[in-house]
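Trainee: Coordinates in protein.cif, mmCIF, C-alpha atoms, are listed below.
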```cif
data_upload
loop_
_atom_site.label_atom_id
_atom_site.label_comp_id
_atom_site.auth_asym_id
_atom_site.auth_seq_id
_atom_site.Cartn_x
_atom_site.Cartn_y
_atom_site.Cartn_z
CA MET J 227 11.04 51.11 -56.51
CA SER J 228 13.53 53.96 -56.77
CA ARG J 229 13.34 56.61 -59.47
CA ILE J 230 16.04 58.86 -60.92
CA ASN J 231 14.97 62.16 -62.47
CA GLY J 232 11.41 60.84 -62.58
CA PHE J 233 12.30 57.52 -64.19
CA VAL J 234 12.61 54.05 -62.75
CA GLY J 235 16.17 53.34 -61.66
CA ARG J 236 18.11 51.18 -64.11
CA ARG J 237 19.12 48.65 -61.49
CA ASP J 238 15.55 48.25 -60.25
CA PHE J 239 14.24 47.85 -63.79
CA LEU J 240 16.75 45.12 -64.60
CA LYS J 241 15.99 43.33 -61.32
CA LEU J 242 12.28 43.47 -62.07
CA ALA J 243 12.75 42.19 -65.61
CA SER J 244 14.85 39.30 -64.31
CA VAL J 245 12.30 38.36 -61.67
CA LEU J 246 9.42 38.46 -64.16
CA SER J 247 11.33 36.34 -66.66
CA ILE J 248 12.11 33.66 -64.07
CA ALA J 249 8.55 33.70 -62.74
CA VAL J 250 6.91 33.35 -66.12
CA THR J 251 9.24 30.49 -67.00
CA ALA J 252 8.60 28.68 -63.73
CA PHE J 253 4.88 29.24 -63.27
CA GLY J 254 3.52 30.10 -66.71
CA PRO J 255 0.28 32.01 -67.36
CA SER J 256 -0.94 31.64 -63.77
CA ILE J 257 1.18 34.63 -62.69
CA TRP J 258 0.29 36.78 -65.69
CA SER J 259 -1.91 39.16 -63.69
CA LYS J 260 0.88 39.64 -61.16
CA GLU J 261 3.30 40.43 -63.97
CA GLN J 262 0.93 43.04 -65.34
CA ALA J 263 0.60 44.58 -61.89
CA ALA J 264 4.38 44.81 -61.63
CA ILE J 265 4.58 46.42 -65.07
CA ALA J 266 2.24 49.16 -63.87
CA ASP J 267 4.99 50.27 -61.48
CA ILE J 268 7.60 50.87 -64.16
CA HIS J 269 5.87 53.57 -66.16
CA PRO J 270 8.29 56.41 -66.78
CA ASP J 271 7.25 59.66 -65.16
CA ASN J 272 8.43 62.10 -67.82
CA SER J 273 6.95 65.56 -67.33
CA ASN J 274 7.68 66.53 -70.94
CA PRO J 275 7.70 63.46 -73.21
CA VAL J 276 7.87 63.67 -77.00
CA ASN J 277 4.69 62.07 -78.31
CA PRO J 278 4.97 59.45 -81.07
CA ASN J 279 3.67 61.66 -83.89
CA GLU J 280 6.06 64.47 -83.04
CA ALA J 281 8.91 61.95 -82.82
CA ILE J 282 8.12 60.67 -86.33
CA LYS J 283 8.02 64.25 -87.61
CA ARG J 284 11.43 65.00 -86.11
CA LEU J 285 12.91 61.91 -87.73
CA LEU J 286 11.45 62.57 -91.18
CA ASP J 287 12.33 66.27 -91.05
CA GLY J 288 15.90 65.32 -90.24
CA ASN J 289 15.93 62.78 -93.04
CA GLN J 290 14.77 65.44 -95.50
CA ARG J 291 17.66 67.64 -94.42
CA PHE J 292 20.02 64.72 -94.97
CA VAL J 293 18.60 63.91 -98.42
CA HIS J 294 18.85 67.55 -99.56
CA GLN J 295 22.29 68.04 -98.01
CA LYS J 296 21.02 70.69 -95.59
CA ARG J 297 22.05 68.99 -92.38
CA GLN J 298 22.01 71.05 -89.19
CA TYR J 299 24.10 68.64 -87.06
CA PRO J 300 21.93 69.26 -83.96
CA ASP J 301 22.91 68.24 -80.44
CA GLN J 302 26.55 67.61 -81.26
CA SER J 303 28.17 70.41 -79.25
CA LEU J 304 30.43 70.05 -76.23
CA GLU J 305 27.59 71.42 -74.09
CA ARG J 306 25.29 68.69 -75.35
CA LEU J 307 27.95 66.07 -74.66
CA GLN J 308 28.24 67.23 -71.08
CA LEU J 309 24.47 67.45 -70.63
CA VAL J 310 23.66 63.91 -71.76
CA ALA J 311 26.55 62.54 -69.71
CA LYS J 312 24.28 63.16 -66.70
CA ALA J 313 21.14 61.50 -68.10
CA GLN J 314 19.64 60.45 -71.43
CA TYR J 315 16.09 60.99 -72.66
CA PRO J 316 16.01 59.86 -76.32
CA PHE J 317 12.85 60.94 -78.13
CA ALA J 318 12.81 57.83 -80.34
CA SER J 319 14.14 54.28 -80.42
CA ILE J 320 15.39 52.70 -83.63
CA LEU J 321 15.74 48.99 -84.37
CA GLY J 322 17.87 49.08 -87.49
CA CYS J 323 19.94 46.76 -89.63
CA ALA J 324 23.64 46.54 -88.75
CA ASP J 325 24.49 47.47 -92.34
CA SER J 326 27.35 50.02 -92.37
CA ARG J 327 25.45 52.17 -94.87
CA VAL J 328 22.54 52.87 -92.54
CA PRO J 329 23.79 54.91 -89.53
CA ALA J 330 20.62 56.22 -87.87
CA GLU J 331 22.01 59.41 -86.33
CA ILE J 332 23.41 60.52 -89.70
CA ILE J 333 20.45 59.72 -91.95
CA PHE J 334 18.05 61.40 -89.52
CA ASP J 335 20.40 64.35 -88.84
CA ARG J 336 20.30 63.91 -85.08
CA GLY J 337 22.87 64.13 -82.30
CA LEU J 338 23.93 62.92 -78.88
CA GLY J 339 21.14 61.57 -76.70
CA ASP J 340 18.44 61.96 -79.37
CA LEU J 341 18.05 58.33 -80.46
CA PHE J 342 18.26 54.99 -78.69
CA VAL J 343 19.62 52.79 -81.46
CA VAL J 344 19.70 49.00 -81.50
CA ARG J 345 21.22 47.39 -84.59
CA VAL J 346 21.38 43.79 -85.78
CA ALA J 347 21.63 42.26 -89.24
CA GLY J 348 18.20 42.07 -90.86
CA ASN J 349 16.66 44.20 -88.06
CA VAL J 350 15.57 40.89 -86.52
CA VAL J 351 13.66 40.91 -83.24
CA SER J 352 15.09 38.64 -80.51
CA ASP J 353 14.80 38.43 -76.74
CA THR J 354 17.78 40.74 -76.19
CA ILE J 355 16.40 43.23 -78.72
CA ILE J 356 13.03 43.19 -76.96
CA GLY J 357 14.70 43.75 -73.59
CA SER J 358 16.69 46.69 -74.94
CA LEU J 359 13.58 48.36 -76.35
CA GLU J 360 11.59 47.69 -73.18
CA TYR J 361 14.39 49.49 -71.38
CA SER J 362 14.33 52.50 -73.72
CA THR J 363 10.57 52.80 -73.27
CA SER J 364 10.11 51.96 -69.59
CA VAL J 365 13.25 53.56 -68.20
CA LEU J 366 14.23 56.27 -70.68
CA GLY J 367 10.74 57.34 -71.72
CA SER J 368 10.91 56.94 -75.50
CA GLN J 369 7.41 56.84 -77.00
CA LEU J 370 8.32 55.77 -80.53
CA ILE J 371 10.00 52.63 -81.82
CA MET J 372 10.89 52.56 -85.50
CA ILE J 373 11.79 49.28 -87.19
CA LEU J 374 14.17 50.49 -89.89
CA GLY J 375 14.94 48.15 -92.78
CA HIS J 376 16.63 49.10 -96.03
CA ARG J 377 16.71 48.34 -99.72
CA GLN J 378 19.17 45.71 -100.96
CA CYS J 379 19.40 44.11 -97.53
CA GLY J 380 21.93 41.27 -97.71
CA ALA J 381 20.40 39.39 -94.79
CA VAL J 382 17.00 39.31 -96.49
CA ALA J 383 18.58 38.22 -99.77
CA GLU J 384 20.31 35.32 -97.99
CA ALA J 385 17.04 34.31 -96.33
CA ILE J 386 15.42 34.12 -99.76
CA LYS J 387 18.20 31.85 -101.04
CA SER J 388 17.63 29.52 -98.08
CA GLU J 389 21.08 27.98 -98.39
CA PRO J 390 23.28 26.69 -95.53
CA LEU J 391 25.39 29.45 -93.96
CA PRO J 392 28.58 29.16 -91.87
CA GLY J 393 28.80 29.73 -88.14
CA ARG J 394 25.81 31.43 -86.59
CA ILE J 395 24.87 33.57 -89.57
CA GLY J 396 21.96 31.23 -90.15
CA LEU J 397 20.36 32.42 -86.91
CA ILE J 398 19.77 35.78 -88.59
CA THR J 399 18.18 34.36 -91.72
CA GLU J 400 16.01 31.99 -89.69
CA GLY J 401 14.59 35.05 -87.95
CA ILE J 402 13.69 36.53 -91.34
CA LYS J 403 12.26 33.47 -93.11
CA PRO J 404 8.80 33.57 -91.43
CA SER J 405 8.23 36.96 -93.06
CA LEU J 406 8.86 35.67 -96.59
CA ALA J 407 5.60 33.74 -96.82
CA ARG J 408 3.69 36.99 -96.43
CA ALA J 409 5.68 39.02 -98.97
CA LYS J 410 3.44 40.67 -101.56
CA LEU J 411 4.77 41.15 -105.08
CA THR J 412 3.98 44.85 -105.40
CA THR J 413 7.24 46.55 -106.38
CA GLY J 414 8.49 44.26 -109.14
CA ASP J 415 11.58 43.64 -107.02
CA THR J 416 11.49 40.34 -105.13
CA ILE J 417 14.10 41.36 -102.57
CA GLN J 418 12.44 44.72 -101.92
CA ASP J 419 9.05 43.06 -101.45
CA ALA J 420 10.70 40.72 -98.94
CA VAL J 421 12.42 43.64 -97.17
CA ILE J 422 9.05 45.33 -96.65
CA ALA J 423 7.45 42.09 -95.47
CA ASN J 424 10.29 41.58 -93.00
CA ILE J 425 9.93 45.09 -91.57
CA GLN J 426 6.21 44.55 -91.04
CA TYR J 427 6.75 41.10 -89.56
CA GLN J 428 9.41 42.27 -87.09
CA ALA J 429 7.21 45.19 -85.99
CA GLU J 430 4.32 42.85 -85.26
CA LYS J 431 6.57 40.33 -83.53
CA LEU J 432 7.99 43.03 -81.27
CA GLN J 433 4.55 44.15 -80.15
CA GLU J 434 3.19 40.63 -79.70
CA SER J 435 6.24 39.43 -77.76
CA SER J 436 6.29 42.12 -75.07
CA THR J 437 3.63 42.70 -72.44
CA ILE J 438 5.41 45.89 -71.43
CA LEU J 439 5.36 47.40 -74.91
CA ALA J 440 1.80 46.24 -75.58
CA LYS J 441 0.64 47.96 -72.42
CA PHE J 442 2.23 51.26 -73.41
CA ILE J 443 0.63 50.98 -76.85
CA SER J 444 -2.82 50.36 -75.35
CA GLU J 445 -2.38 53.48 -73.22
CA GLY J 446 -1.43 55.59 -76.22
CA LYS J 447 2.08 56.14 -74.84
CA LEU J 448 3.96 54.20 -77.50
CA LYS J 449 3.80 53.67 -81.25
CA ILE J 450 5.73 51.07 -83.24
CA VAL J 451 6.19 51.92 -86.91
CA GLY J 452 8.06 50.35 -89.80
CA ALA J 453 10.23 52.30 -92.23
CA CYS J 454 12.51 51.56 -95.17
CA TYR J 455 15.72 53.35 -96.10
CA ASP J 456 16.81 53.70 -99.72
CA ILE J 457 20.60 53.31 -99.72
CA GLU J 458 20.86 55.02 -103.12
CA THR J 459 18.82 58.17 -102.42
CA GLY J 460 19.08 58.38 -98.61
CA LYS J 461 15.32 58.69 -98.22
CA VAL J 462 13.37 57.03 -95.43
CA THR J 463 9.77 56.02 -96.14
CA VAL J 464 7.34 55.04 -93.39
CA ILE J 465 5.56 51.74 -94.12
CA SER J 466 1.96 51.27 -93.03
#
```
So that I can check it, write out the structure of this file as structure tokens.

Mentor:
Amino acid sequence: MSRINGFVGRRDFLKLASVLSIAVTAFGPSIWSKEQAAIADIHPDNSNPVNPNEAIKRLLDGNQRFVHQKRQYPDQSLERLQLVAKAQYPFASILGCADSRVPAEIIFDRGLGDLFVVRVAGNVVSDTIIGSLEYSTSVLGSQLIMILGHRQCGAVAEAIKSEPLPGRIGLITEGIKPSLARAKLTTGDTIQDAVIANIQYQAEKLQESSTILAKFISEGKLKIVGACYDIETGKVTVIS
């Protein structure tokens, strides 16, 4: 399998993912050990990775700068633009809500090539989301995935209502509803309690649905954390 700058080539990774998906569908658990063996060949070979704890620190430090209006606007120069045009090595991956008020690079005061951001309403985990985050971890070398929800999330509020929705909007709320049964009334705000429950549920679902990510976690090369953004104060809080 070819490697570029120490990482598995994108084309080879996508071919491997496709083959594994077809094989698992066709033959089921009987080929599980073969799949795991194949996964062992797609570990990124990054000589200087950013470990998960340092990645969290960078994100929260940047968020503090944002909250206190002391942004440094790092990695946004022309030189940085030209550098990351050659290759990208994001130090963290973010699964965030598609809400227009929660732009990850701004609220974490980061720049070009720093974050691999995937956004969908309700920060709901799906097969395509999983594939994207497997890519950022296996190919690009990111060792942190943050599931970033936010206060006053409209998708969560709609899931609570449990009313019919037009078009395919209901697909989003259906992905949130399983989390509602586990919501704990701790904040005095029903929607906020549900937002937290959804973040935790999606984080667990991501880990449980991906052999690739689970393997990195078991090796101490990946951490998945939940976090909640306050759209009124700008503060991000990590959720245990």

Trainee: Go through J:Gln378, J:Ser364, J:Ser319, J:Gln369 one by one, measure the shortest atom-to-atom distance of each to Arg345 of chain J using all atoms listed in the file, and give the residue with the smallest value.

Mentor: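 Ranking J:Gln378, J:Ser364, J:Ser319, J:Gln369 by distance to Arg345 of chain J, first place goes to J:Ser319.
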
Trainee: With all atoms listed in the file as the atoms that count, which of J:Ala407, J:Leu359, J:Val350, J:Ala420 lies nearest to Val382 of chain J?

Mentor: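 The shortest atom-to-atom distance to Val382 of chain J comes from J:Ala420.
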
Trainee: Pick out the closest residue to Arg284 of chain J from this set: J:Val365, J:Ala311, J:Ala440, J:Leu370. Count all atoms listed in the file.

Mentor: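 Of J:Val365, J:Ala311, J:Ala440, J:Leu370, the one nearest Arg284 of chain J is J:Leu370, counting all atoms listed in the file.
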
Trainee: Since I can't run it myself right now, could you work out what the PyMOL selection byres ((chain J and resi 387) around 12) selects here and report it as an MDAnalysis selection string?

Mentor: chainID J and resid 380:386 388:391 396 399:400 402:403 406 416:417 420

Trainee: Could you work out how far atom CA of His376 of chain J lies from atom CA of Val346 of chain J, giving the answer in Å with one decimal?

Mentor: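 Separation between atom CA of Val346 of chain J and atom CA of His376 of chain J: 12.5 Å.
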
Trainee: For the atom pair atom CA of Gln290 of chain J and atom CA of Ala330 of chain J, what is the interatomic distance in Å to one decimal place?

Mentor: 13.3 Å

Trainee: Just how far from atom CA of Val343 of chain J is atom CA of Ser444 of chain J, in Å to one decimal?

Mentor: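 These two atoms are separated by 23.4 Å.
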
Trainee: Identify which of the residues J:Gly322, J:Gly414, J:Pro404, J:Gly348 lies closest to Cys379 of chain J, counting all atoms listed in the file when measuring atom-to-atom distances.

Mentor: J:Gly348

Trainee: Find the residues near Pro316 of chain J: any atom within 10 Å, counting all atoms listed in the file, skip ones fewer than 5 places away on the same chain, and give them as a list of chain:residue names.

Mentor: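 My list of contacting residues is J:Pro275, J:Val276, J:Ala281, J:Val310, J:Leu338, J:Gly339, J:Asp340, J:Leu341, J:Phe342, J:Val343, J:Ser362, J:Thr363, J:Leu366, J:Gly367, J:Ser368, J:Gln369, J:Leu370.
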
Trainee: Check what the PyMOL selection byres ((chain J and resi 432) around 12) selects in the file above and give those residues as a ChimeraX atom specification.

Mentor: /J:321,349-360,371-373,425-431,433-440,443,449-452

Trainee: Would you please work out which residue, of J:Gly401, J:Gly446, J:Gly460, J:Gly337, is nearest to Ser303 of chain J when using only C-alpha atoms?

Mentor: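 Of all the options, J:Gly337 lies closest to Ser303 of chain J.
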
Trainee: Ranking J:Phe334, J:Leu286, J:Asn277, J:Ala318 by minimum distance to Tyr299 of chain J and counting all atoms listed in the file, which one comes first?

Mentor: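 Using all atoms listed in the file, the shortest distance to Tyr299 of chain J belongs to J:Phe334.
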
Trainee: Given the file shown, determine the residues that the PyMOL selection byres ((chain J and resi 295) around 12) selects; report them as a VMD selection string.

Mentor: chain J and resid 288 to 294 296 to 299 332 to 335 459 to 461
